[in-house]
>>> print(open('query-v9.txt').read())   # compact mmCIF, N, CA and C atoms and all ligand atoms
# COMPACT_ATOMS: atom_id res chain seq x y z
N MET A 1 12.71 -7.03 -24.51
CA MET A 1 12.91 -5.83 -23.69
C MET A 1 11.92 -5.79 -22.52
N GLN A 2 10.72 -6.26 -22.80
CA GLN A 2 9.70 -6.26 -21.76
C GLN A 2 10.17 -7.05 -20.55
N HIS A 3 10.80 -8.18 -20.83
CA HIS A 3 11.27 -9.04 -19.76
C HIS A 3 12.31 -8.31 -18.89
N ARG A 4 13.22 -7.61 -19.57
CA ARG A 4 14.27 -6.91 -18.86
C ARG A 4 13.66 -5.82 -17.95
N PHE A 5 12.67 -5.15 -18.50
CA PHE A 5 12.00 -4.10 -17.72
C PHE A 5 11.37 -4.69 -16.46
N ASP A 6 10.65 -5.80 -16.63
CA ASP A 6 10.01 -6.44 -15.49
C ASP A 6 11.03 -6.85 -14.44
N TYR A 7 12.15 -7.37 -14.92
CA TYR A 7 13.17 -7.83 -14.00
C TYR A 7 13.70 -6.67 -13.17
N ASN A 8 14.00 -5.55 -13.84
CA ASN A 8 14.52 -4.39 -13.12
C ASN A 8 13.51 -3.86 -12.11
N THR A 9 12.25 -3.86 -12.52
CA THR A 9 11.21 -3.39 -11.61
C THR A 9 11.15 -4.26 -10.36
N LYS A 10 11.28 -5.56 -10.57
CA LYS A 10 11.23 -6.48 -9.43
C LYS A 10 12.42 -6.26 -8.49
N VAL A 11 13.60 -6.07 -9.08
CA VAL A 11 14.79 -5.84 -8.25
C VAL A 11 14.62 -4.55 -7.45
N GLN A 12 14.11 -3.51 -8.10
CA GLN A 12 13.89 -2.24 -7.42
C GLN A 12 12.90 -2.40 -6.27
N LEU A 13 11.85 -3.17 -6.52
CA LEU A 13 10.85 -3.37 -5.50
C LEU A 13 11.46 -4.09 -4.30
N LYS A 14 12.29 -5.07 -4.58
CA LYS A 14 12.93 -5.80 -3.49
C LYS A 14 13.84 -4.88 -2.67
N GLU A 15 14.58 -4.03 -3.38
CA GLU A 15 15.47 -3.09 -2.67
C GLU A 15 14.66 -2.13 -1.82
N LYS A 16 13.54 -1.66 -2.36
CA LYS A 16 12.70 -0.73 -1.61
C LYS A 16 12.18 -1.39 -0.34
N ARG A 17 11.76 -2.66 -0.50
CA ARG A 17 11.23 -3.38 0.66
C ARG A 17 12.30 -3.53 1.73
N LEU A 18 13.50 -3.91 1.29
CA LEU A 18 14.59 -4.12 2.24
C LEU A 18 14.92 -2.83 2.96
N SER A 19 14.95 -1.71 2.21
CA SER A 19 15.34 -0.44 2.84
C SER A 19 14.23 0.10 3.73
N ALA A 20 13.01 -0.38 3.54
CA ALA A 20 11.90 0.07 4.41
C ALA A 20 12.06 -0.50 5.82
N GLY A 21 12.79 -1.59 5.96
CA GLY A 21 12.97 -2.20 7.27
C GLY A 21 11.77 -3.04 7.68
N LEU A 22 11.85 -3.59 8.86
CA LEU A 22 10.78 -4.45 9.33
C LEU A 22 9.80 -3.68 10.19
N VAL A 23 8.58 -4.17 10.21
CA VAL A 23 7.54 -3.55 11.03
C VAL A 23 7.99 -3.51 12.50
N SER A 24 8.65 -4.58 12.97
CA SER A 24 9.07 -4.63 14.37
C SER A 24 10.07 -3.53 14.71
N ASP A 25 10.88 -3.09 13.73
CA ASP A 25 11.83 -2.02 13.98
C ASP A 25 11.16 -0.65 13.87
N ARG A 26 10.35 -0.52 12.84
CA ARG A 26 9.77 0.78 12.55
C ARG A 26 8.56 1.10 13.44
N PHE A 27 7.75 0.07 13.67
CA PHE A 27 6.54 0.25 14.51
C PHE A 27 6.53 -0.83 15.57
N PRO A 28 7.42 -0.71 16.58
CA PRO A 28 7.55 -1.81 17.56
C PRO A 28 6.28 -2.09 18.35
N ARG A 29 5.34 -1.14 18.37
CA ARG A 29 4.13 -1.37 19.17
C ARG A 29 3.09 -2.21 18.43
N ILE A 30 3.27 -2.41 17.15
CA ILE A 30 2.26 -3.16 16.39
C ILE A 30 2.39 -4.66 16.64
N HIS A 31 1.29 -5.24 17.07
CA HIS A 31 1.23 -6.69 17.24
C HIS A 31 0.80 -7.34 15.92
N SER A 32 -0.22 -6.77 15.29
CA SER A 32 -0.65 -7.23 13.98
C SER A 32 -1.50 -6.14 13.34
N MET A 33 -1.63 -6.23 12.04
CA MET A 33 -2.40 -5.22 11.32
C MET A 33 -3.05 -5.88 10.11
N ILE A 34 -4.26 -5.45 9.84
CA ILE A 34 -4.97 -5.95 8.66
C ILE A 34 -5.29 -4.75 7.77
N ILE A 35 -4.90 -4.84 6.52
CA ILE A 35 -5.18 -3.77 5.57
C ILE A 35 -6.10 -4.36 4.51
N HIS A 36 -7.27 -3.76 4.40
CA HIS A 36 -8.23 -4.20 3.38
C HIS A 36 -8.32 -3.11 2.33
N ILE A 37 -8.10 -3.49 1.09
CA ILE A 37 -8.05 -2.50 0.02
C ILE A 37 -9.04 -2.86 -1.09
N SER A 38 -9.79 -1.86 -1.55
CA SER A 38 -10.59 -2.01 -2.76
C SER A 38 -10.00 -1.05 -3.79
N HIS A 39 -9.75 -1.56 -4.95
CA HIS A 39 -9.07 -0.78 -5.99
C HIS A 39 -10.03 -0.58 -7.16
N TYR A 40 -10.20 0.66 -7.59
CA TYR A 40 -11.11 0.95 -8.70
C TYR A 40 -10.35 1.71 -9.78
N ASP A 41 -10.67 1.42 -11.01
CA ASP A 41 -10.22 2.29 -12.09
C ASP A 41 -11.43 2.60 -12.95
N LYS A 42 -11.97 3.78 -12.75
CA LYS A 42 -13.23 4.14 -13.41
C LYS A 42 -13.04 4.54 -14.86
N ARG A 43 -11.78 4.78 -15.25
CA ARG A 43 -11.50 5.26 -16.60
C ARG A 43 -11.52 4.12 -17.63
N MET A 44 -11.30 2.90 -17.17
CA MET A 44 -11.20 1.75 -18.07
C MET A 44 -12.56 1.46 -18.73
N VAL A 45 -12.52 0.85 -19.90
CA VAL A 45 -13.75 0.49 -20.60
C VAL A 45 -14.57 -0.46 -19.73
N GLU A 46 -13.88 -1.48 -19.24
CA GLU A 46 -14.50 -2.33 -18.24
C GLU A 46 -13.92 -1.92 -16.90
N PRO A 47 -14.72 -1.32 -16.05
CA PRO A 47 -14.17 -0.82 -14.80
C PRO A 47 -13.43 -1.92 -14.04
N LEU A 48 -12.24 -1.56 -13.59
CA LEU A 48 -11.42 -2.51 -12.87
C LEU A 48 -11.79 -2.42 -11.40
N PHE A 49 -12.09 -3.53 -10.82
CA PHE A 49 -12.41 -3.55 -9.41
C PHE A 49 -11.69 -4.74 -8.78
N MET A 50 -10.89 -4.46 -7.81
CA MET A 50 -10.15 -5.53 -7.15
C MET A 50 -10.21 -5.31 -5.65
N GLU A 51 -10.29 -6.38 -4.93
CA GLU A 51 -10.25 -6.28 -3.49
C GLU A 51 -9.17 -7.19 -2.97
N ARG A 52 -8.47 -6.71 -1.97
CA ARG A 52 -7.53 -7.64 -1.34
C ARG A 52 -7.28 -7.26 0.10
N THR A 53 -6.81 -8.24 0.83
CA THR A 53 -6.54 -8.06 2.24
C THR A 53 -5.09 -8.43 2.49
N ILE A 54 -4.39 -7.56 3.19
CA ILE A 54 -2.99 -7.80 3.50
C ILE A 54 -2.85 -7.96 5.01
N ASN A 55 -2.30 -9.06 5.43
CA ASN A 55 -2.04 -9.28 6.85
C ASN A 55 -0.60 -8.92 7.15
N VAL A 56 -0.41 -8.06 8.15
CA VAL A 56 0.93 -7.56 8.47
C VAL A 56 1.30 -8.00 9.88
N PHE A 57 2.53 -8.47 10.02
CA PHE A 57 3.03 -8.93 11.30
C PHE A 57 4.36 -8.24 11.59
N PRO A 58 4.85 -8.34 12.84
CA PRO A 58 6.12 -7.67 13.16
C PRO A 58 7.27 -8.07 12.22
N ALA A 59 7.26 -9.29 11.70
CA ALA A 59 8.34 -9.73 10.83
C ALA A 59 8.13 -9.31 9.37
N SER A 60 7.03 -8.62 9.06
CA SER A 60 6.78 -8.17 7.69
C SER A 60 7.62 -6.93 7.39
N TYR A 61 7.85 -6.68 6.11
CA TYR A 61 8.52 -5.44 5.73
C TYR A 61 7.56 -4.27 5.92
N ALA A 62 8.09 -3.16 6.40
CA ALA A 62 7.27 -1.95 6.61
C ALA A 62 7.16 -1.18 5.30
N TYR A 63 6.70 -1.89 4.28
CA TYR A 63 6.60 -1.30 2.95
C TYR A 63 5.14 -1.29 2.55
N PHE A 64 4.56 -0.09 2.48
CA PHE A 64 3.12 -0.01 2.26
C PHE A 64 2.79 0.85 1.05
N ASP A 65 3.63 0.74 0.04
CA ASP A 65 3.42 1.45 -1.20
C ASP A 65 2.70 0.47 -2.13
N ILE A 66 1.39 0.63 -2.26
CA ILE A 66 0.58 -0.34 -2.99
C ILE A 66 0.59 0.03 -4.47
N ALA A 67 1.09 -0.85 -5.31
CA ALA A 67 1.19 -0.55 -6.74
C ALA A 67 -0.18 -0.43 -7.37
N CYS A 68 -0.32 0.52 -8.28
CA CYS A 68 -1.56 0.67 -9.05
C CYS A 68 -1.69 -0.54 -9.97
N HIS A 69 -2.90 -1.08 -10.07
CA HIS A 69 -3.08 -2.30 -10.86
C HIS A 69 -3.33 -2.03 -12.33
N THR A 70 -3.51 -0.78 -12.69
CA THR A 70 -3.79 -0.47 -14.08
C THR A 70 -2.52 -0.68 -14.90
N ARG A 71 -2.65 -1.46 -15.97
CA ARG A 71 -1.52 -1.67 -16.85
C ARG A 71 -1.08 -0.31 -17.39
N GLU A 72 0.13 -0.16 -17.80
CA GLU A 72 0.71 1.09 -18.30
C GLU A 72 0.76 2.22 -17.26
N CYS A 73 0.37 1.97 -16.04
CA CYS A 73 0.52 2.97 -14.98
C CYS A 73 1.55 2.44 -13.98
N GLU A 74 2.48 3.32 -13.58
CA GLU A 74 3.48 2.91 -12.59
C GLU A 74 3.27 3.62 -11.27
N GLY A 75 2.12 4.21 -11.13
CA GLY A 75 1.83 4.92 -9.89
C GLY A 75 1.59 3.97 -8.73
N SER A 76 1.51 4.52 -7.55
CA SER A 76 1.24 3.68 -6.39
C SER A 76 0.53 4.50 -5.33
N PHE A 77 -0.02 3.78 -4.39
CA PHE A 77 -0.76 4.39 -3.29
C PHE A 77 0.06 4.14 -2.03
N ASN A 78 0.54 5.21 -1.42
CA ASN A 78 1.42 5.02 -0.27
C ASN A 78 0.63 5.13 1.04
N LEU A 79 0.52 4.01 1.72
CA LEU A 79 -0.23 3.98 2.98
C LEU A 79 0.64 4.26 4.20
N LEU A 80 1.94 4.42 3.98
CA LEU A 80 2.85 4.60 5.12
C LEU A 80 2.48 5.82 5.98
N PRO A 81 2.19 7.00 5.36
CA PRO A 81 1.82 8.15 6.21
C PRO A 81 0.56 7.90 7.02
N VAL A 82 -0.39 7.15 6.44
CA VAL A 82 -1.63 6.84 7.15
C VAL A 82 -1.32 5.97 8.36
N ILE A 83 -0.50 4.94 8.13
CA ILE A 83 -0.17 4.00 9.21
C ILE A 83 0.65 4.69 10.30
N SER A 84 1.61 5.53 9.89
CA SER A 84 2.41 6.27 10.88
C SER A 84 1.52 7.14 11.75
N GLY A 85 0.57 7.82 11.11
CA GLY A 85 -0.35 8.68 11.85
C GLY A 85 -1.20 7.89 12.84
N MET A 86 -1.65 6.71 12.38
CA MET A 86 -2.46 5.87 13.26
C MET A 86 -1.65 5.42 14.47
N VAL A 87 -0.41 4.99 14.25
CA VAL A 87 0.42 4.48 15.35
C VAL A 87 0.73 5.62 16.32
N ASN A 88 1.05 6.81 15.78
CA ASN A 88 1.36 7.95 16.66
C ASN A 88 0.18 8.31 17.55
N ALA A 89 -1.04 8.21 16.99
CA ALA A 89 -2.23 8.56 17.75
C ALA A 89 -2.82 7.34 18.45
N ARG A 90 -2.19 6.19 18.26
CA ARG A 90 -2.64 4.89 18.79
C ARG A 90 -4.09 4.60 18.39
N ARG A 91 -4.40 4.91 17.16
CA ARG A 91 -5.73 4.59 16.65
C ARG A 91 -5.77 3.14 16.22
N GLU A 92 -6.90 2.50 16.47
CA GLU A 92 -6.99 1.08 16.14
C GLU A 92 -7.59 0.83 14.77
N SER A 93 -8.30 1.83 14.24
CA SER A 93 -8.85 1.61 12.91
C SER A 93 -8.95 2.94 12.16
N ALA A 94 -8.88 2.83 10.86
CA ALA A 94 -9.00 4.02 10.01
C ALA A 94 -9.54 3.59 8.66
N LYS A 95 -10.26 4.52 8.04
CA LYS A 95 -10.80 4.29 6.70
C LYS A 95 -10.46 5.51 5.87
N GLY A 96 -10.28 5.32 4.59
CA GLY A 96 -10.02 6.49 3.76
C GLY A 96 -9.91 6.12 2.31
N LYS A 97 -9.48 7.10 1.54
CA LYS A 97 -9.42 6.94 0.10
C LYS A 97 -8.16 7.64 -0.41
N LEU A 98 -7.49 7.02 -1.36
CA LEU A 98 -6.31 7.63 -1.99
C LEU A 98 -6.47 7.56 -3.49
N GLU A 99 -6.01 8.60 -4.17
CA GLU A 99 -6.05 8.61 -5.63
C GLU A 99 -4.67 8.33 -6.19
N CYS A 100 -4.64 7.67 -7.34
CA CYS A 100 -3.37 7.35 -7.98
C CYS A 100 -2.76 8.63 -8.55
N PRO A 101 -1.44 8.85 -8.30
CA PRO A 101 -0.79 10.04 -8.86
C PRO A 101 -0.59 9.95 -10.38
N GLY A 102 -0.79 8.75 -10.96
CA GLY A 102 -0.65 8.60 -12.41
C GLY A 102 0.79 8.74 -12.88
N ASN A 103 0.97 8.84 -14.17
CA ASN A 103 2.29 9.06 -14.75
C ASN A 103 2.12 9.77 -16.09
N SER A 104 3.12 9.68 -16.96
CA SER A 104 3.07 10.45 -18.19
C SER A 104 1.95 9.99 -19.13
N THR A 105 1.54 8.72 -19.06
CA THR A 105 0.52 8.23 -19.98
C THR A 105 -0.87 8.12 -19.34
N VAL A 106 -0.92 8.11 -18.03
CA VAL A 106 -2.18 7.91 -17.34
C VAL A 106 -2.40 9.12 -16.41
N PRO A 107 -3.56 9.78 -16.52
CA PRO A 107 -3.77 10.99 -15.71
C PRO A 107 -3.90 10.68 -14.22
N ALA A 108 -3.50 11.66 -13.41
CA ALA A 108 -3.66 11.53 -11.96
C ALA A 108 -5.13 11.35 -11.63
N GLY A 109 -5.41 10.53 -10.66
CA GLY A 109 -6.78 10.34 -10.22
C GLY A 109 -7.57 9.38 -11.09
N HIS A 110 -6.92 8.71 -12.07
CA HIS A 110 -7.64 7.76 -12.93
C HIS A 110 -8.15 6.57 -12.13
N ALA A 111 -7.42 6.27 -11.05
CA ALA A 111 -7.79 5.13 -10.21
C ALA A 111 -7.73 5.57 -8.76
N CYS A 112 -8.46 4.85 -7.93
CA CYS A 112 -8.37 5.15 -6.51
C CYS A 112 -8.52 3.87 -5.71
N ILE A 113 -8.06 3.95 -4.48
CA ILE A 113 -8.31 2.84 -3.58
C ILE A 113 -9.07 3.37 -2.37
N THR A 114 -9.89 2.53 -1.81
CA THR A 114 -10.40 2.82 -0.48
C THR A 114 -9.77 1.79 0.44
N TYR A 115 -9.38 2.24 1.62
CA TYR A 115 -8.70 1.32 2.53
C TYR A 115 -9.38 1.31 3.88
N GLU A 116 -9.23 0.19 4.52
CA GLU A 116 -9.66 0.02 5.91
C GLU A 116 -8.50 -0.65 6.62
N ILE A 117 -7.99 -0.01 7.63
CA ILE A 117 -6.83 -0.55 8.33
C ILE A 117 -7.23 -0.78 9.78
N SER A 118 -6.92 -1.95 10.30
CA SER A 118 -7.09 -2.13 11.75
C SER A 118 -5.81 -2.66 12.34
N ILE A 119 -5.44 -2.09 13.44
CA ILE A 119 -4.17 -2.41 14.10
C ILE A 119 -4.44 -2.94 15.50
N GLU A 120 -3.72 -4.00 15.83
CA GLU A 120 -3.75 -4.50 17.20
C GLU A 120 -2.39 -4.17 17.81
N TYR A 121 -2.41 -3.52 18.96
CA TYR A 121 -1.16 -3.10 19.58
C TYR A 121 -0.70 -4.11 20.63
N LYS A 122 0.61 -4.12 20.86
CA LYS A 122 1.18 -5.05 21.84
C LYS A 122 0.86 -4.61 23.26
N ASP A 123 1.02 -3.30 23.50
CA ASP A 123 0.80 -2.79 24.85
C ASP A 123 -0.68 -2.55 25.08
N PRO A 124 -1.18 -2.93 26.26
CA PRO A 124 -2.61 -2.68 26.52
C PRO A 124 -2.84 -1.18 26.67
N LYS A 125 -4.06 -0.75 26.45
CA LYS A 125 -4.41 0.67 26.48
C LYS A 125 -4.16 1.28 27.84
ZN ZN A 201 -2.48 4.36 -11.62
>>> encode(input="query-v9.txt", output="structure tokens")
Amino acid sequence: MQHRFDYNTKVQLKEKRLSAGLVSDRFPRIHSMIIHISHYDKRMVEPLFMERTINVFPASYAYFDIACHTRECEGSFNLLPVISGMVNARRESAKGKLECPGNSTVPAGHACITYEISIEYKDPK
């Protein structure tokens, strides 16, 4: 059953990505973007700490719902509103923090990410 669940989750993720469209369609002014994420789960016995960097290009999917890494949690961190706000204001960098909304087994705020986003625009200032 576990396998079937994973498969469905993957299919759903692919559909979500496809329906999000491409960065070039949604944010035509973006030349490139770098998203640096640090993920913490302070509730775990051994605190979970992960860092990763995502490079985004016009041909990438405009899907910025970052899955929570804690097992048994299906929550996610949605960076799309942050990125939309940055593009609207033509901001080149932003930093912030988001908390995981959790689910029925894991409380909200059990994990958080801090993010640093930098965007390079196609059009000169
Ligand atoms: Zn979570």
>>> closest_atom_pairs(input="query-v9.txt", of="range 65-90 of chain A", to="range 112-121 of chain A", cutoff="10 Å", atoms="only C-alpha atoms", output="JSON lines")
{"residue": "A:Ile66", "atom": "CA", "partner": "A:Ile113", "partner_atom": "CA", "distance": 9.5}
{"residue": "A:Cys68", "atom": "CA", "partner": "A:Cys112", "partner_atom": "CA", "distance": 8.5}
{"residue": "A:Ser76", "atom": "CA", "partner": "A:Cys112", "partner_atom": "CA", "distance": 9.7}
{"residue": "A:Phe77", "atom": "CA", "partner": "A:Ile113", "partner_atom": "CA", "distance": 7.7}
{"residue": "A:Leu79", "atom": "CA", "partner": "A:Tyr115", "partner_atom": "CA", "distance": 8.9}
{"residue": "A:Val82", "atom": "CA", "partner": "A:Ile117", "partner_atom": "CA", "distance": 9.1}
{"residue": "A:Ile83", "atom": "CA", "partner": "A:Ile117", "partner_atom": "CA", "distance": 8.1}
{"residue": "A:Met86", "atom": "CA", "partner": "A:Ile119", "partner_atom": "CA", "distance": 8.5}
{"residue": "A:Val87", "atom": "CA", "partner": "A:Ile119", "partner_atom": "CA", "distance": 8.4}
{"residue": "A:Arg90", "atom": "CA", "partner": "A:Tyr121", "partner_atom": "CA", "distance": 8.2}
>>> residues_near_ligand(input="query-v9.txt", ligand="ligand ZN 201 (chain A)", cutoff="5 Å", atoms="only N, CA and C atoms and all ligand atoms", output="list in words")
Cys68, Cys73, Gly75, Cys100 and Gly102 of chain A
>>> atom_distance(input="query-v9.txt", atom1="atom N of Ile30 in chain A", atom2="atom C of Leu80 in chain A")
13.9 Å
>>> atom_distance(input="query-v9.txt", atom1="CA of Glu74 in chain A", atom2="atom C of Phe49 in chain A")
17.4 Å
>>> closest_residue(input="query-v9.txt", among="A:Met50, A:His39, A:Pro81, A:Arg91", to="His110 in chain A", atoms="only C-alpha atoms")
A:His39
>>> select_by_dssp(input="query-v9.txt", residues="chain A", states="helix (DSSP H, G or I)", output="number ranges by chain")
A: 2-20, 23-26, 80-89
>>> atom_distance(input="query-v9.txt", atom1="CA of Gly96 in chain A", atom2="atom C of Val56 in chain A")
19.4 Å
>>> closest_residue(input="query-v9.txt", among="A:Lys10, A:Met33, A:Pro101, A:Tyr40", to="Phe64 in chain A", atoms="only C-alpha atoms")
A:Met33
>>> closest_residue(input="query-v9.txt", among="A:Ala62, A:Ile54, A:Ala111, A:Leu98", to="Arg26 in chain A", atoms="only N, CA and C atoms")
A:Ala62
